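Notes follow the structure.
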Amino acid sequence: MPKETHFFARPDGQGSPEAIAPIYARRFFAHLTADHRVLLDGSVSYLYSAQAVRSIDRLDPGAKFIVMVRNPVDLVHSYYHRLVYLMDEDAPSFAAAWELRQARARGDRIPRTCRDPRVLRYDEIGRLGHYLEQLFAIVGRERCHVVVFDDFASDAERVHLSVLGFIGVEPAVGLKVKPKNGARDFSSAWLQRLYANPPKSLIRLAGVDAFRTTPWIKRMRKAIKRRNTRRTTPPRLDPSMRSILHAHFREDIERLSALLGRDLAHWR
């Protein structure tokens, strides 16, 4: 899974971020000072790990959590194309990838370039109700702010202000919310491998931390990404596949609706 954490430090202004999480802050946020009131770091993967959430809670019992939820039918379809771009997935279509989920749960049919077989569990990735309920049980509902993607798509500025209010930060004047990480494809497979999913032998040669943090390596990978990436429009999800996915996730959507006190029956 991605190595970033899903960590939100207290916005109470009591001390610097280093005082909240000294080892964490020194390694990843060495530029921060006592003037910085809130430390934020995020990953889409840590919602799925009870162990990760408990570790964050031990690191800072006052940490807050922000989660965005989306129609799982659209989520897993979009997620498949993201994995193809990152070279974690080699199934020729989403339908083929969905059919492989049980084999992959057994450890079979894992692509050679996949960094972690767990990322291929589309049936688990879409269980947002289950994992949100798990998060609430561990840290408490009051420490969580849940954003529904539909709201963000229709009024990003309002959602932005609600998030700032939750963490206790005054809104910046003139800040614009722009789309990011739209559908992408790559021109050269070997260049994409070098950027998105480098061979483990290369990472070991450079050193894991050095490979992630050395300025010239980061600049080189960004240049490869910029040169090799092209915008694209993924194919629409077949109506029959959409029906299969909706039936699979129906109970979890109902669970999520109950957790949020919101009717999500329109998610098809």
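Chains: A, B, ... in order of the structure tokens. Residues: from 1 per chain. Ligands: from 1, in order shown.
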Residues at most 12 Å from Ser78 (chain A), counting only C-alpha atoms, excluding those fewer than 2 positions away in the same chain, as a PDB file with C-alpha atoms, in the first residue's frame?
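As a result, selection.pdb now contains:
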```
ATOM      1  CA  ARG A  70     -17.674   7.988  -3.289  1.00  0.00           C
ATOM      2  CA  ASN A  71     -20.150   5.739  -5.050  1.00  0.00           C
ATOM      3  CA  PRO A  72     -18.221   2.426  -4.854  1.00  0.00           C
ATOM      4  CA  VAL A  73     -19.309   1.492  -8.377  1.00  0.00           C
ATOM      5  CA  ASP A  74     -17.565   4.546  -9.814  1.00  0.00           C
ATOM      6  CA  LEU A  75     -14.760   4.307  -7.276  1.00  0.00           C
ATOM      7  CA  VAL A  76     -13.534   0.828  -8.181  1.00  0.00           C
ATOM      8  CA  TYR A  80      -8.706   0.141 -11.807  1.00  0.00           C
ATOM      9  CA  HIS A  81      -7.516   2.704 -14.380  1.00  0.00           C
ATOM     10  CA  ARG A  82      -5.316   4.317 -11.742  1.00  0.00           C
ATOM     11  CA  LEU A  83      -3.654   0.978 -11.024  1.00  0.00           C
ATOM     12  CA  VAL A  84      -3.085   0.395 -14.736  1.00  0.00           C
ATOM     13  CA  TYR A  85      -1.361   3.783 -14.929  1.00  0.00           C
ATOM     14  CA  SER A  93     -10.244  -4.495 -18.770  1.00  0.00           C
ATOM     15  CA  PHE A  94     -11.997  -3.712 -15.522  1.00  0.00           C
ATOM     16  CA  TYR A 122     -11.566  -4.223  -5.730  1.00  0.00           C
ATOM     17  CA  ILE A 125     -11.708  -1.201  -1.826  1.00  0.00           C
ATOM     18  CA  GLY A 126     -15.390  -0.467  -2.415  1.00  0.00           C
ATOM     19  CA  ASN A 181      -5.232  13.407 -10.890  1.00  0.00           C
ATOM     20  CA  GLY A 182      -7.639  13.083 -13.794  1.00  0.00           C
ATOM     21  CA  ALA A 183      -7.595  10.032 -16.056  1.00  0.00           C
ATOM     22  CA  ARG A 184      -4.117   9.426 -17.457  1.00  0.00           C
ATOM     23  CA  THR A 233     -10.828   9.521 -21.133  1.00  0.00           C
ATOM     24  CA  PRO A 234     -11.402   6.037 -19.724  1.00  0.00           C
ATOM     25  CA  PRO A 235     -14.120   3.930 -21.344  1.00  0.00           C
ATOM     26  CA  ARG A 236     -17.547   4.146 -19.750  1.00  0.00           C
ATOM     27  CA  LEU A 237     -18.512   1.321 -17.455  1.00  0.00           C
TER      28      LEU A 237
END
```
List as a compact mmCIF listing (two decimals) with N, CA and C atoms, in the first residue's frame the protein and nucleic acid residues near His130 (chain A), meaning an atom at most 10 Å away when only C-alpha atoms are counted, but skip any in the same chain fewer than 6 places from it.
```
# COMPACT_ATOMS: atom_id res chain seq x y z
N TYR A 48 -8.32 1.63 5.30
CA TYR A 48 -8.56 0.18 5.25
C TYR A 48 -7.78 -0.61 6.29
N GLU A 124 -12.88 -5.24 -1.79
CA GLU A 124 -12.61 -4.64 -0.48
C GLU A 124 -12.50 -3.13 -0.59
N GLU A 251 -25.51 -3.67 0.05
CA GLU A 251 -25.60 -3.68 1.51
C GLU A 251 -24.62 -2.70 2.14
N ASP A 252 -23.44 -2.57 1.57
CA ASP A 252 -22.46 -1.65 2.13
C ASP A 252 -22.90 -0.20 1.92
N ILE A 253 -23.53 0.08 0.78
CA ILE A 253 -24.05 1.43 0.55
C ILE A 253 -25.12 1.75 1.59
N ARG A 255 -25.26 0.54 4.58
CA ARG A 255 -24.55 0.76 5.84
C ARG A 255 -23.97 2.16 5.89
N LEU A 256 -23.39 2.59 4.78
CA LEU A 256 -22.82 3.94 4.72
C LEU A 256 -23.91 4.99 4.87
N LEU A 259 -24.72 5.30 8.51
CA LEU A 259 -23.65 5.96 9.26
C LEU A 259 -23.68 7.47 9.08
```
| said: Report as a list in words all protein, DNA and RNA residues lying within 8 Å of region 100-103 of chain A, evaluated on only C-alpha atoms, omitting residues in the same chain fewer than 5 positions from it. | reply: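 Surrounding residues, per the criterion: Asp108, Arg109, Leu120, Arg121, Tyr122 and Asp123 of chain A.
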Any chance you could export the current selection's C-alpha atoms as an mmCIF file, in the first residue's frame?
```
data_model
loop_
_atom_site.group_PDB
_atom_site.id
_atom_site.type_symbol
_atom_site.label_atom_id
_atom_site.label_comp_id
_atom_site.auth_asym_id
_atom_site.auth_seq_id
_atom_site.Cartn_x
_atom_site.Cartn_y
_atom_site.Cartn_z
ATOM 1 C CA ASP A 108 -2.748 -16.154 -7.745
ATOM 2 C CA ARG A 109 -2.609 -14.090 -10.958
ATOM 3 C CA LEU A 120 -6.009 -5.475 -6.340
ATOM 4 C CA ARG A 121 -8.914 -6.326 -4.014
ATOM 5 C CA TYR A 122 -11.566 -4.223 -5.730
ATOM 6 C CA ASP A 123 -14.296 -5.898 -3.680
#
```
| query | Residues at most 12 Å from region 260-268 of chain A, counting only C-alpha atoms, excluding those fewer than 3 positions away in the same chain, as a PyMOL selection string? | reply | chain A and resi 67-75+128-129+132-133+136+141+144-150+237+239-257
| request: Taking the DSSP assignment computed from this structure's backbone, write out as a PyMOL selection string all residues of region 32-262 of chain A that belong to alpha helix (DSSP H). | output: chain A and resi 50-59+72-85+94-99+101-105+122-125+128-139+149-154+156-167+189-196+200-206+208-213+215-228+239-260
| request: Any chance you could list, as an NGL selection string, the residues in region 86-220 of chain A that come up strand (DSSP E or B) when DSSP is run on the backbone? | output: :A and (144-148 or 184-186)
| query | What's the 9 Å shell around Tyr131 (chain A), counting only C-alpha atoms, without same-chain residues fewer than 6 positions away, as a list in words? | reply |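 Counting only the stated atoms, we get Leu47, Tyr48, Ser49 and Ala50 of chain A.
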| In Å, with one decimal, what is the gap from CA of Ala210 (chain A) to CA of Lys225 (chain A)? |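 Computing it gives 18.9 Å between the two atoms.
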| Within 10 Å of Val53 (chain A) using only C-alpha atoms, minus same-chain residues under 3 positions, as a list in words | Thr5, His6, Phe7, Tyr46, Leu47, Tyr48, Ser49, Ala50, Ile56, Asp57, Arg58, Leu59, Phe65, Gln134, Leu135, Ile138 and Val139 of chain A
Atoms to include: N, CA and C atoms. Write the selected residues as a PDB file, in the first residue's frame.
```pdb
ATOM      1  N   THR A   5       0.998   8.393   5.467  1.00  0.00           N
ATOM      2  CA  THR A   5       0.065   8.127   6.546  1.00  0.00           C
ATOM      3  C   THR A   5      -1.187   8.979   6.385  1.00  0.00           C
ATOM      4  N   HIS A   6      -2.197   8.650   7.155  1.00  0.00           N
ATOM      5  CA  HIS A   6      -3.464   9.379   7.158  1.00  0.00           C
ATOM      6  C   HIS A   6      -3.545  10.105   8.498  1.00  0.00           C
ATOM      7  N   PHE A   7      -2.654  11.093   8.698  1.00  0.00           N
ATOM      8  CA  PHE A   7      -2.440  11.679  10.019  1.00  0.00           C
ATOM      9  C   PHE A   7      -2.806  13.145  10.024  1.00  0.00           C
ATOM     10  N   TYR A  46      -4.991   4.184   4.216  1.00  0.00           N
ATOM     11  CA  TYR A  46      -4.973   3.887   5.646  1.00  0.00           C
ATOM     12  C   TYR A  46      -6.358   3.716   6.250  1.00  0.00           C
ATOM     13  N   LEU A  47      -7.392   4.173   5.548  1.00  0.00           N
ATOM     14  CA  LEU A  47      -8.751   3.904   6.010  1.00  0.00           C
ATOM     15  C   LEU A  47      -8.992   2.409   6.132  1.00  0.00           C
ATOM     16  N   TYR A  48      -8.319   1.627   5.300  1.00  0.00           N
ATOM     17  CA  TYR A  48      -8.561   0.183   5.245  1.00  0.00           C
ATOM     18  C   TYR A  48      -7.779  -0.606   6.288  1.00  0.00           C
ATOM     19  N   SER A  49      -6.956   0.054   7.072  1.00  0.00           N
ATOM     20  CA  SER A  49      -6.108  -0.644   8.031  1.00  0.00           C
ATOM     21  C   SER A  49      -6.426  -0.223   9.458  1.00  0.00           C
ATOM     22  N   ALA A  50      -7.041  -1.125  10.224  1.00  0.00           N
ATOM     23  CA  ALA A  50      -7.311  -0.836  11.630  1.00  0.00           C
ATOM     24  C   ALA A  50      -6.006  -0.626  12.382  1.00  0.00           C
ATOM     25  N   ILE A  56      -1.892   5.692  14.473  1.00  0.00           N
ATOM     26  CA  ILE A  56      -2.072   7.144  14.413  1.00  0.00           C
ATOM     27  C   ILE A  56      -2.662   7.654  15.726  1.00  0.00           C
ATOM     28  N   ASP A  57      -3.622   6.919  16.251  1.00  0.00           N
ATOM     29  CA  ASP A  57      -4.269   7.308  17.506  1.00  0.00           C
ATOM     30  C   ASP A  57      -3.271   7.304  18.658  1.00  0.00           C
ATOM     31  N   ARG A  58      -2.360   6.323  18.674  1.00  0.00           N
ATOM     32  CA  ARG A  58      -1.322   6.298  19.712  1.00  0.00           C
ATOM     33  C   ARG A  58      -0.344   7.448  19.527  1.00  0.00           C
ATOM     34  N   LEU A  59      -0.028   7.763  18.274  1.00  0.00           N
ATOM     35  CA  LEU A  59       0.897   8.856  17.990  1.00  0.00           C
ATOM     36  C   LEU A  59       0.339  10.180  18.477  1.00  0.00           C
ATOM     37  N   PHE A  65      -9.534  12.991  11.662  1.00  0.00           N
ATOM     38  CA  PHE A  65      -9.514  12.193  10.442  1.00  0.00           C
ATOM     39  C   PHE A  65     -10.528  12.741   9.437  1.00  0.00           C
ATOM     40  N   GLN A 134     -15.572   0.987  10.936  1.00  0.00           N
ATOM     41  CA  GLN A 134     -14.390   0.570  11.694  1.00  0.00           C
ATOM     42  C   GLN A 134     -13.626   1.776  12.232  1.00  0.00           C
ATOM     43  N   LEU A 135     -13.469   2.800  11.406  1.00  0.00           N
ATOM     44  CA  LEU A 135     -12.784   4.019  11.842  1.00  0.00           C
ATOM     45  C   LEU A 135     -13.530   4.672  12.996  1.00  0.00           C
ATOM     46  N   ILE A 138     -12.974   2.945  16.304  1.00  0.00           N
ATOM     47  CA  ILE A 138     -11.638   3.062  16.886  1.00  0.00           C
ATOM     48  C   ILE A 138     -11.393   4.446  17.481  1.00  0.00           C
ATOM     49  N   VAL A 139     -11.746   5.504  16.738  1.00  0.00           N
ATOM     50  CA  VAL A 139     -11.378   6.855  17.179  1.00  0.00           C
ATOM     51  C   VAL A 139     -12.566   7.704  17.606  1.00  0.00           C
TER      52      VAL A 139
END
```
